[in-house]
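The data block below is target.txt; it holds compact mmCIF, C-alpha atoms.
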# COMPACT_ATOMS: atom_id res chain seq x y z
CA MET J 151 18.22 -11.38 -11.34
CA LYS J 152 15.99 -12.34 -8.43
CA ILE J 153 12.38 -11.14 -8.65
CA TYR J 154 10.17 -11.04 -5.57
CA LEU J 155 6.66 -12.07 -6.65
CA ALA J 156 4.46 -9.64 -4.69
CA GLY J 157 0.73 -9.99 -5.06
CA PRO J 158 -2.56 -11.16 -3.62
CA ASP J 159 -1.88 -14.50 -5.34
CA VAL J 160 -1.06 -15.89 -1.88
CA PHE J 161 -4.75 -15.49 -0.98
CA LEU J 162 -5.98 -17.65 -3.87
CA LEU J 163 -7.12 -21.17 -3.03
CA ASP J 164 -4.57 -22.51 -5.53
CA ALA J 165 -1.90 -20.16 -4.17
CA VAL J 166 0.92 -22.73 -4.19
CA ASP J 167 0.17 -23.79 -7.76
CA ILE J 168 0.09 -20.26 -9.14
CA GLY J 169 3.34 -19.48 -7.34
CA GLN J 170 5.01 -22.45 -9.03
CA ARG J 171 3.71 -21.31 -12.42
CA LYS J 172 5.10 -17.81 -11.81
CA VAL J 173 8.50 -19.18 -10.76
CA GLU J 174 8.58 -21.39 -13.89
CA LEU J 175 7.72 -18.41 -16.12
CA CYS J 176 10.56 -16.45 -14.53
CA ALA J 177 12.98 -19.33 -15.15
CA ARG J 178 11.92 -19.43 -18.81
CA HIS J 179 13.13 -15.83 -19.07
CA GLY J 180 16.38 -16.49 -17.18
CA LEU J 181 15.19 -14.99 -13.89
CA ILE J 182 14.79 -16.39 -10.37
CA GLY J 183 11.30 -15.90 -8.95
CA LEU J 184 10.95 -15.70 -5.16
CA TYR J 185 7.43 -16.45 -3.97
CA PRO J 186 6.28 -15.45 -0.45
CA LEU J 187 4.88 -18.93 0.25
CA ASP J 188 8.36 -20.41 -0.33
CA ASN J 189 9.10 -19.24 3.21
CA PRO J 190 8.40 -22.04 5.65
CA PHE J 191 6.18 -20.85 8.47
CA ASP J 192 3.82 -22.39 10.99
CA ILE J 193 0.32 -20.95 10.53
CA ALA J 194 -0.61 -22.24 14.00
CA ALA J 195 2.33 -20.50 15.71
CA ARG J 196 1.55 -17.61 18.05
CA ASP J 197 3.83 -15.34 16.00
CA ALA J 198 2.80 -16.66 12.56
CA SER J 199 2.13 -13.18 11.19
CA MET J 200 5.50 -11.84 12.38
CA GLN J 201 7.25 -14.92 10.92
CA THR J 202 5.61 -14.12 7.61
CA PHE J 203 6.62 -10.46 7.77
CA ARG J 204 10.26 -11.30 8.53
CA GLY J 205 10.34 -13.97 5.83
CA ASN J 206 8.93 -11.62 3.20
CA GLU J 207 11.19 -8.72 4.19
CA ALA J 208 14.29 -10.91 3.94
CA MET J 209 13.20 -12.09 0.48
CA MET J 210 12.41 -8.73 -1.07
CA ASN J 211 14.53 -7.91 -4.07
CA GLU J 212 13.65 -6.51 -7.47
CA THR J 213 9.92 -7.01 -7.65
CA SER J 214 7.01 -7.80 -9.89
CA ALA J 215 3.89 -6.54 -8.12
CA ASN J 216 0.44 -7.89 -8.98
CA LEU J 217 -1.74 -4.77 -8.63
CA THR J 218 -4.94 -6.43 -9.87
CA PRO J 219 -7.82 -5.03 -7.77
CA PHE J 220 -8.23 -7.18 -4.69
CA ARG J 221 -10.96 -6.58 -2.09
CA GLY J 222 -12.47 -3.29 -3.22
CA PRO J 223 -11.66 -0.99 -6.15
CA GLY J 224 -7.88 -0.98 -5.66
CA ALA J 225 -4.83 -3.18 -5.23
CA ASP J 226 -3.98 -5.45 -2.28
CA ALA J 227 -2.50 -3.46 0.62
CA GLY J 228 0.30 -5.93 1.36
CA THR J 229 1.46 -5.76 -2.25
CA VAL J 230 1.30 -1.97 -2.26
CA TYR J 231 3.37 -1.83 0.96
CA GLU J 232 5.97 -4.09 -0.64
CA LEU J 233 6.10 -1.97 -3.79
CA GLY J 234 6.74 1.15 -1.69
CA TYR J 235 9.41 -0.68 0.31
CA MET J 236 11.24 -1.75 -2.86
CA VAL J 237 11.14 1.75 -4.31
CA GLY J 238 12.48 3.10 -1.00
CA ARG J 239 15.36 0.63 -1.22
CA GLY J 240 16.13 1.61 -4.81
CA LYS J 241 15.15 -1.73 -6.36
CA LEU J 242 13.83 -2.19 -9.90
CA CYS J 243 10.04 -2.31 -9.65
CA LEU J 244 7.66 -3.84 -12.17
CA GLY J 245 3.94 -4.05 -11.83
CA TYR J 246 0.99 -5.47 -13.68
CA THR J 247 -2.78 -5.71 -13.34
CA ASN J 248 -5.29 -8.03 -14.96
CA ASP J 249 -7.92 -5.26 -14.98
CA PRO J 250 -8.11 -2.91 -17.98
CA SER J 251 -10.29 -0.20 -16.33
CA CYS J 252 -9.27 3.04 -14.65
CA TYR J 253 -9.62 3.63 -10.91
CA ALA J 254 -12.52 6.10 -11.06
CA ASP J 255 -14.59 3.71 -13.20
CA ARG J 256 -13.97 0.91 -10.70
CA VAL J 257 -15.07 3.14 -7.82
CA ARG J 258 -18.30 3.80 -9.77
CA GLU J 259 -18.99 0.05 -9.75
CA PHE J 260 -18.18 -0.09 -6.05
CA THR J 261 -20.24 2.84 -4.74
CA GLU J 262 -22.35 5.79 -5.89
CA VAL J 263 -20.23 8.58 -7.33
CA THR J 264 -21.44 12.12 -8.00
CA SER J 265 -19.79 15.21 -9.43
CA ARG J 266 -19.40 18.37 -7.35
CA ASP J 267 -17.36 21.50 -8.23
CA GLY J 268 -15.51 19.53 -10.90
CA ARG J 269 -14.57 16.74 -8.50
CA LEU J 270 -15.90 13.20 -8.19
CA ILE J 271 -17.30 12.44 -4.73
CA ASP J 272 -18.20 8.99 -3.39
CA ALA J 273 -21.17 8.07 -1.16
CA ARG J 274 -19.12 8.82 2.01
CA GLY J 275 -18.20 12.30 0.76
CA LEU J 276 -14.61 11.40 -0.10
CA THR J 277 -13.14 12.66 -3.37
CA VAL J 278 -12.27 10.05 -5.97
CA GLU J 279 -8.86 10.29 -7.65
CA ASP J 280 -9.62 10.87 -11.32
CA PHE J 281 -6.45 11.06 -13.40
CA GLY J 282 -7.43 8.25 -15.75
CA LEU J 283 -4.86 6.00 -14.05
CA SER J 284 -5.37 2.35 -13.15
CA ASP J 285 -4.95 3.00 -9.40
CA ASN J 286 -3.62 5.52 -6.87
CA LEU J 287 -1.06 7.80 -8.51
CA MET J 288 1.66 6.97 -5.96
CA MET J 289 1.95 3.38 -7.19
CA ILE J 290 1.48 4.12 -10.88
CA HIS J 291 4.09 6.90 -11.05
CA ALA J 292 6.43 4.96 -8.76
CA LEU J 293 6.54 2.35 -11.52
CA ASP J 294 6.99 5.04 -14.17
CA LEU J 295 9.99 6.56 -12.37
CA HIS J 296 11.52 3.59 -10.51
CA GLY J 297 10.93 0.68 -12.87
CA CYS J 298 8.74 0.11 -15.91
CA ALA J 299 5.26 1.46 -16.60
CA LEU J 300 2.37 -0.66 -15.30
CA VAL J 301 1.47 -3.53 -17.62
CA GLN J 302 -2.29 -3.41 -18.14
CA PRO J 303 -4.37 -5.53 -20.54
CA ARG J 304 -6.68 -3.93 -23.10
CA GLN J 305 -9.46 -6.35 -22.23
CA ASP J 306 -10.31 -8.41 -19.16
CA PRO J 307 -8.31 -11.64 -19.03
CA THR J 308 -10.41 -14.71 -18.35
CA ASP J 309 -9.54 -14.86 -14.65
CA MET J 310 -7.39 -13.45 -11.85
CA GLN J 311 -4.97 -16.34 -12.37
CA ASP J 312 -4.23 -15.27 -15.97
CA LEU J 313 -0.46 -14.77 -16.27
CA SER J 314 -0.14 -12.96 -19.60
CA ALA J 315 0.35 -9.48 -18.07
CA PHE J 316 2.70 -11.03 -15.50
CA GLU J 317 4.76 -12.63 -18.27
CA THR J 318 5.02 -9.29 -20.06
CA SER J 319 6.43 -7.71 -16.89
CA VAL J 320 8.91 -10.58 -16.48
CA ARG J 321 10.03 -10.10 -20.09
CA MET J 322 10.62 -6.40 -19.38
CA ALA J 323 12.76 -7.30 -16.36
CA ALA J 324 14.76 -9.76 -18.47
CA GLU J 325 15.31 -7.07 -21.11
CA ARG J 326 16.52 -4.64 -18.46
CA LEU J 327 18.95 -7.28 -17.20
CA ALA J 328 20.20 -8.03 -20.71
CA ALA J 329 20.71 -4.30 -21.40
CA ALA J 330 22.66 -3.87 -18.14
CA HIS J 331 24.83 -6.96 -18.70
CA PRO J 332 25.13 -7.58 -22.46
CA ARG J 333 26.69 -10.92 -23.36
CA ARG J 334 29.99 -10.76 -25.19
CA PRO J 335 29.77 -11.96 -28.79
CA GLY J 336 31.35 -15.35 -29.45
CA MET I 919 11.79 16.39 13.51
CA LYS I 920 9.80 16.63 10.28
CA ILE I 921 6.79 14.33 10.04
CA TYR I 922 5.17 13.59 6.68
CA LEU I 923 1.41 13.41 7.24
CA ALA I 924 0.43 10.45 5.04
CA GLY I 925 -3.25 9.58 4.87
CA PRO I 926 -6.51 9.65 2.96
CA ASP I 927 -7.18 13.00 4.69
CA VAL I 928 -6.37 14.66 1.35
CA PHE I 929 -9.57 13.10 -0.05
CA LEU I 930 -11.83 14.68 2.60
CA LEU I 931 -13.92 17.65 1.50
CA ASP I 932 -12.30 19.71 4.30
CA ALA I 933 -8.85 18.37 3.39
CA VAL I 934 -7.05 21.70 3.73
CA ASP I 935 -8.59 22.40 7.13
CA ILE I 936 -7.73 18.99 8.58
CA GLY I 937 -4.18 19.35 7.27
CA GLN I 938 -3.82 22.66 9.12
CA ARG I 939 -5.13 21.07 12.32
CA LYS I 940 -2.62 18.23 11.99
CA VAL I 941 0.27 20.64 11.39
CA GLU I 942 -0.80 22.69 14.45
CA LEU I 943 -0.96 19.55 16.60
CA CYS I 944 2.57 18.63 15.48
CA ALA I 945 3.81 22.12 16.36
CA ARG I 946 2.27 21.80 19.84
CA HIS I 947 4.54 18.77 20.35
CA GLY I 948 7.62 20.50 18.91
CA LEU I 949 7.47 18.76 15.51
CA ILE I 950 7.11 20.04 11.95
CA GLY I 951 4.20 18.49 10.07
CA LEU I 952 4.46 18.26 6.27
CA TYR I 953 1.09 17.86 4.58
CA PRO I 954 0.83 16.63 0.97
CA LEU I 955 -1.49 19.49 -0.01
CA ASP I 956 1.20 22.00 1.01
CA ASN I 957 2.77 21.21 -2.35
CA PRO I 958 1.56 23.69 -4.93
CA PHE I 959 0.28 21.91 -8.02
CA ASP I 960 -2.09 22.66 -10.86
CA ILE I 961 -4.96 20.16 -10.86
CA ALA I 962 -5.77 21.14 -14.46
CA ALA I 963 -2.23 20.49 -15.72
CA ARG I 964 -1.70 17.58 -18.06
CA ASP I 965 0.87 16.12 -15.65
CA ALA I 966 -1.00 16.97 -12.42
CA SER I 967 -0.69 13.42 -11.08
CA MET I 968 3.07 13.29 -11.75
CA GLN I 969 3.52 16.72 -10.14
CA THR I 970 1.75 15.35 -7.08
CA PHE I 971 3.92 12.22 -7.01
CA ARG I 972 7.15 14.20 -7.26
CA GLY I 973 5.99 16.69 -4.63
CA ASN I 974 5.07 13.95 -2.19
CA GLU I 975 8.25 11.96 -2.79
CA ALA I 976 10.41 15.03 -2.14
CA MET I 977 8.52 15.71 1.09
CA MET I 978 8.65 12.23 2.59
CA ASN I 979 10.50 12.07 5.88
CA GLU I 980 9.64 10.40 9.15
CA THR I 981 5.97 9.64 8.78
CA SER I 982 2.67 9.42 10.60
CA ALA I 983 0.41 7.26 8.43
CA ASN I 984 -3.38 7.40 8.77
CA LEU I 985 -4.36 3.76 8.20
CA THR I 986 -8.07 4.27 8.93
CA PRO I 987 -10.03 2.06 6.48
CA PHE I 988 -10.68 4.02 3.32
CA ARG I 989 -12.66 2.64 0.39
CA GLY I 990 -13.18 -0.97 1.36
CA PRO I 991 -12.10 -2.96 4.42
CA GLY I 992 -8.49 -1.75 4.45
CA ALA I 993 -6.28 1.33 4.43
CA ASP I 994 -5.79 3.82 1.57
CA ALA I 995 -3.36 2.48 -1.05
CA GLY I 996 -1.44 5.76 -1.44
CA THR I 997 -0.81 5.88 2.30
CA VAL I 998 0.27 2.23 2.37
CA TYR I 999 2.69 2.84 -0.52
CA GLU I 1000 4.18 5.78 1.37
CA LEU I 1001 4.55 3.75 4.56
CA GLY I 1002 6.45 1.06 2.63
CA TYR I 1003 8.64 3.69 0.99
CA MET I 1004 9.55 5.22 4.37
CA VAL I 1005 10.39 1.84 5.87
CA GLY I 1006 12.54 1.08 2.81
CA ARG I 1007 14.41 4.33 3.38
CA GLY I 1008 14.95 3.58 7.06
CA LYS I 1009 12.74 6.37 8.39
CA LEU I 1010 10.86 6.31 11.69
CA CYS I 1011 7.30 5.21 10.91
CA LEU I 1012 4.23 5.82 13.03
CA GLY I 1013 0.72 4.83 12.16
CA TYR I 1014 -2.76 5.18 13.55
CA THR I 1015 -6.30 4.20 12.69
CA ASN I 1016 -9.64 5.54 13.88
CA ASP I 1017 -11.20 2.08 13.60
CA PRO I 1018 -11.05 -0.28 16.60
CA SER I 1019 -11.98 -3.49 14.72
CA CYS I 1020 -9.74 -6.20 13.27
CA TYR I 1021 -9.36 -6.79 9.53
CA ALA I 1022 -11.29 -10.06 9.34
CA ASP I 1023 -14.30 -8.51 11.11
CA ARG I 1024 -14.28 -5.61 8.67
CA VAL I 1025 -14.19 -8.01 5.72
CA ARG I 1026 -17.27 -9.73 7.20
CA GLU I 1027 -19.13 -6.40 7.00
CA PHE I 1028 -17.91 -5.93 3.45
CA THR I 1029 -18.70 -9.33 1.92
CA GLU I 1030 -19.87 -12.82 2.84
CA VAL I 1031 -17.18 -14.81 4.63
CA THR I 1032 -17.28 -18.56 5.21
CA SER I 1033 -14.95 -20.99 6.93
CA ARG I 1034 -13.27 -23.81 5.00
CA ASP I 1035 -10.49 -26.12 6.23
CA GLY I 1036 -9.77 -23.73 9.09
CA ARG I 1037 -9.43 -20.74 6.78
CA LEU I 1038 -11.77 -17.80 6.20
CA ILE I 1039 -12.84 -17.46 2.55
CA ASP I 1040 -14.62 -14.45 1.03
CA ALA I 1041 -17.37 -14.49 -1.62
CA ARG I 1042 -14.78 -14.47 -4.45
CA GLY I 1043 -12.97 -17.50 -3.00
CA LEU I 1044 -10.01 -15.51 -1.67
CA THR I 1045 -8.69 -16.31 1.79
CA VAL I 1046 -9.08 -13.60 4.42
CA GLU I 1047 -6.04 -12.77 6.56
CA ASP I 1048 -7.08 -13.66 10.12
CA PHE I 1049 -4.34 -12.85 12.63
CA GLY I 1050 -6.51 -10.55 14.75
CA LEU I 1051 -4.57 -7.56 13.37
CA SER I 1052 -6.11 -4.26 12.32
CA ASP I 1053 -4.98 -4.64 8.68
CA ASN I 1054 -2.58 -6.56 6.43
CA LEU I 1055 0.33 -7.92 8.46
CA MET I 1056 2.96 -6.19 6.29
CA MET I 1057 1.91 -2.73 7.48
CA ILE I 1058 1.19 -3.68 11.08
CA HIS I 1059 4.51 -5.46 11.68
CA ALA I 1060 6.41 -2.82 9.70
CA LEU I 1061 5.26 -0.38 12.37
CA ASP I 1062 6.19 -2.84 15.14
CA LEU I 1063 9.73 -3.27 13.81
CA HIS I 1064 10.47 0.06 12.12
CA GLY I 1065 8.66 2.58 14.31
CA CYS I 1066 5.99 2.36 16.98
CA ALA I 1067 3.07 -0.06 17.21
CA LEU I 1068 -0.13 1.04 15.48
CA VAL I 1069 -2.23 3.41 17.57
CA GLN I 1070 -5.78 2.08 17.56
CA PRO I 1071 -8.75 3.35 19.60
CA ARG I 1072 -10.75 1.03 21.87
CA GLN I 1073 -14.01 2.44 20.56
CA ASP I 1074 -15.05 4.19 17.33
CA PRO I 1075 -14.19 7.90 17.43
CA THR I 1076 -17.04 10.16 16.38
CA ASP I 1077 -15.76 10.65 12.83
CA MET I 1078 -12.92 10.07 10.41
CA GLN I 1079 -11.66 13.58 11.18
CA ASP I 1080 -11.12 12.73 14.88
CA LEU I 1081 -7.48 13.46 15.69
CA SER I 1082 -7.04 11.78 19.09
CA ALA I 1083 -5.25 8.68 17.72
CA PHE I 1084 -3.20 10.95 15.46
CA GLU I 1085 -2.15 13.07 18.45
CA THR I 1086 -1.08 9.95 20.34
CA SER I 1087 1.18 8.97 17.43
CA VAL I 1088 2.63 12.50 17.31
CA ARG I 1089 3.33 12.33 21.04
CA MET I 1090 5.16 9.03 20.51
CA ALA I 1091 7.30 10.65 17.79
CA ALA I 1092 8.10 13.57 20.10
CA GLU I 1093 9.12 11.15 22.87
CA ARG I 1094 11.41 9.30 20.47
CA LEU I 1095 13.00 12.60 19.48
CA ALA I 1096 13.44 13.63 23.12
CA ALA I 1097 15.04 10.26 23.95
CA ALA I 1098 17.44 10.55 21.01
CA HIS I 1099 18.40 14.15 21.77
CA PRO I 1100 17.98 14.76 25.52
CA ARG I 1101 18.25 18.41 26.56
CA ARG I 1102 21.18 19.24 28.80
CA PRO I 1103 20.14 20.21 32.33
CA GLY I 1104 20.47 23.91 33.18

Before we go any further, please render this structure as structure tokens.
Amino acid sequence: MKIYLAGPDVFLLDAVDIGQRKVELCARHGLIGLYPLDNPFDIAARDASMQTFRGNEAMMNETSANLTPFRGPGADAGTVYELGYMVGRGKLCLGYTNDPSCYADRVREFTEVTSRDGRLIDARGLTVEDFGLSDNLMMIHALDLHGCALVQPRQDPTDMQDLSAFETSVRMAAERLAAAHPRRPG
Amino acid sequence: MKIYLAGPDVFLLDAVDIGQRKVELCARHGLIGLYPLDNPFDIAARDASMQTFRGNEAMMNETSANLTPFRGPGADAGTVYELGYMVGRGKLCLGYTNDPSCYADRVREFTEVTSRDGRLIDARGLTVEDFGLSDNLMMIHALDLHGCALVQPRQDPTDMQDLSAFETSVRMAAERLAAAHPRRPG
């Protein structure tokens, strides 16, 4: 089973290294990890962003999406797009986050939140989704219905590069594969 | 043509009103707008979030996605998920934003950004996508290749509720429909 490794990992300074570690973890569980940075592209090219898009789209298969909050209270937009795309194509979708908190609590750290008529309202007057979920309900329930429930740690891992939640999601993918294609005894 | 009206509009305090205005604008261009809040659901129900997910998923058709920056420098995650899902299902995808700036400039307003080895780095040490695009390349080029290019104003509209960019995207959808199904003369 090929697993597309969606996530904001590509924006880390040690992006290549963490990609290699993810691919190795996949291999340890009998899976093939496909990392976006495996696509050769020329950052200086005029169409570098389109090259990246085409490379990623061609690579997308079953997916493990890193939904750890990125730049703000929620997940990285590119990862979320890719998760939606995979669900739309009927692929198995797995997701994990390294953050144990729920979305509304993270918005409270990000901006002032008040309560009005039973709803939470942020400083710009926008309501705050408050279902006790880790992030926007579309992603969380997409995983529930089109893959495996979000893997979320009980406590903060030491850093964004921590791969324990990722490894749990890879193990779940491997179990799904084994259940779908059981080996014959002997 | 039915157009699913994806966007953070549902989080506005006048969410129902803006939905009605969007549906009316669609009708003026001969299209049927489907607004997420048209789905009846019980906010107090234990499974309110899952009801919402299922309602939205059943409604998703061709789409007009409001990618105006939401809670942070980028678009609303639920909208981005839905855009990906539509592309995955091969639907016509349109998108607009009410913000004329590019992503990197918005990140600069959001957090400290420095330059290192030719790359932009934010305060947490994460690289900042810097292709001069309005948001993450996955969404922007998805629209280029699977719909119409993002509609973006040259200047800030007066407010998030401004529907001029939305109407432009609806007009583009109507033109696509007319081109695909030209009326017979006479």

Closest to chain I among J:Phe316, J:Tyr235, J:Phe191, J:Phe220, using all atoms listed in the file?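 Going through J:Phe316, J:Tyr235, J:Phe191, J:Phe220 one by one, the smallest distance to chain I is for J:Tyr235.
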
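Between atom CA of I:Gly1002 and atom CA of J:Ala299 the separation is 19.3 Å.
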
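Using all atoms listed in the file, the smallest distance between any of I:Leu1081, I:Ala1060, I:Cys1020, I:Met919 and chain J comes from I:Ala1060.
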
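Note that the spacing between atom CA of J:Ser314 and atom CA of J:Leu244 amounts to 14.1 Å.
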
Closest atom pairs, chain I residues within 7 Å of chain J, all atoms listed in the file, as a Markdown table:
| residue | atom | partner | partner_atom | distance |
| --- | --- | --- | --- | --- |
| I:Phe929 | CA | J:Thr277 | CA | 4.9 |
| I:Leu930 | CA | J:Leu276 | CA | 5.1 |
| I:Leu931 | CA | J:Leu276 | CA | 6.5 |
| I:Ser967 | CA | J:Leu287 | CA | 6.2 |
| I:Met968 | CA | J:His291 | CA | 6.5 |
| I:Phe971 | CA | J:Met288 | CA | 5.8 |
| I:Arg989 | CA | J:Gly222 | CA | 6.9 |
| I:Gly990 | CA | J:Gly222 | CA | 5.2 |
| I:Ala995 | CA | J:Ala227 | CA | 6.2 |
| I:Gly996 | CA | J:Met288 | CA | 5.6 |
| I:Val998 | CA | J:Tyr231 | CA | 5.3 |
| I:Tyr999 | CA | J:Gly234 | CA | 4.5 |
| I:Glu1000 | CA | J:Gly234 | CA | 6.1 |
| I:Leu1001 | CA | J:Tyr231 | CA | 6.7 |
| I:Gly1002 | CA | J:Tyr235 | CA | 4.1 |
| I:Tyr1003 | CA | J:Gly234 | CA | 4.2 |
| I:Met1004 | CA | J:Gly238 | CA | 6.5 |
| I:Val1005 | CA | J:Tyr235 | CA | 6.2 |
| I:Gly1006 | CA | J:Gly238 | CA | 4.3 |
| I:Arg1007 | CA | J:Gly238 | CA | 4.9 |
| I:Gly1043 | CA | J:Leu163 | CA | 6.9 |
| I:Leu1044 | CA | J:Leu162 | CA | 5.1 |
| I:Thr1045 | CA | J:Phe161 | CA | 4.9 |
| I:Phe1049 | CA | J:Ser199 | CA | 6.6 |
| I:Asn1054 | CA | J:Gly228 | CA | 5.9 |
| I:Leu1055 | CA | J:Ser199 | CA | 6.2 |
| I:Met1056 | CA | J:Gly228 | CA | 5.6 |
| I:Met1057 | CA | J:Tyr231 | CA | 6.7 |
| I:His1059 | CA | J:Met200 | CA | 6.5 |

Kindly save the residues from that selection, with C-alpha atoms included, as a compact mmCIF listing (two decimals), in the coordinates of the input.
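So the final result, stored in part09.txt, reads:
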# COMPACT_ATOMS: atom_id res chain seq x y z
CA PHE I 929 -9.57 13.10 -0.05
CA LEU I 930 -11.83 14.68 2.60
CA LEU I 931 -13.92 17.65 1.50
CA SER I 967 -0.69 13.42 -11.08
CA MET I 968 3.07 13.29 -11.75
CA PHE I 971 3.92 12.22 -7.01
CA ARG I 989 -12.66 2.64 0.39
CA GLY I 990 -13.18 -0.97 1.36
CA ALA I 995 -3.36 2.48 -1.05
CA GLY I 996 -1.44 5.76 -1.44
CA VAL I 998 0.27 2.23 2.37
CA TYR I 999 2.69 2.84 -0.52
CA GLU I 1000 4.18 5.78 1.37
CA LEU I 1001 4.55 3.75 4.56
CA GLY I 1002 6.45 1.06 2.63
CA TYR I 1003 8.64 3.69 0.99
CA MET I 1004 9.55 5.22 4.37
CA VAL I 1005 10.39 1.84 5.87
CA GLY I 1006 12.54 1.08 2.81
CA ARG I 1007 14.41 4.33 3.38
CA GLY I 1043 -12.97 -17.50 -3.00
CA LEU I 1044 -10.01 -15.51 -1.67
CA THR I 1045 -8.69 -16.31 1.79
CA PHE I 1049 -4.34 -12.85 12.63
CA ASN I 1054 -2.58 -6.56 6.43
CA LEU I 1055 0.33 -7.92 8.46
CA MET I 1056 2.96 -6.19 6.29
CA MET I 1057 1.91 -2.73 7.48
CA HIS I 1059 4.51 -5.46 11.68
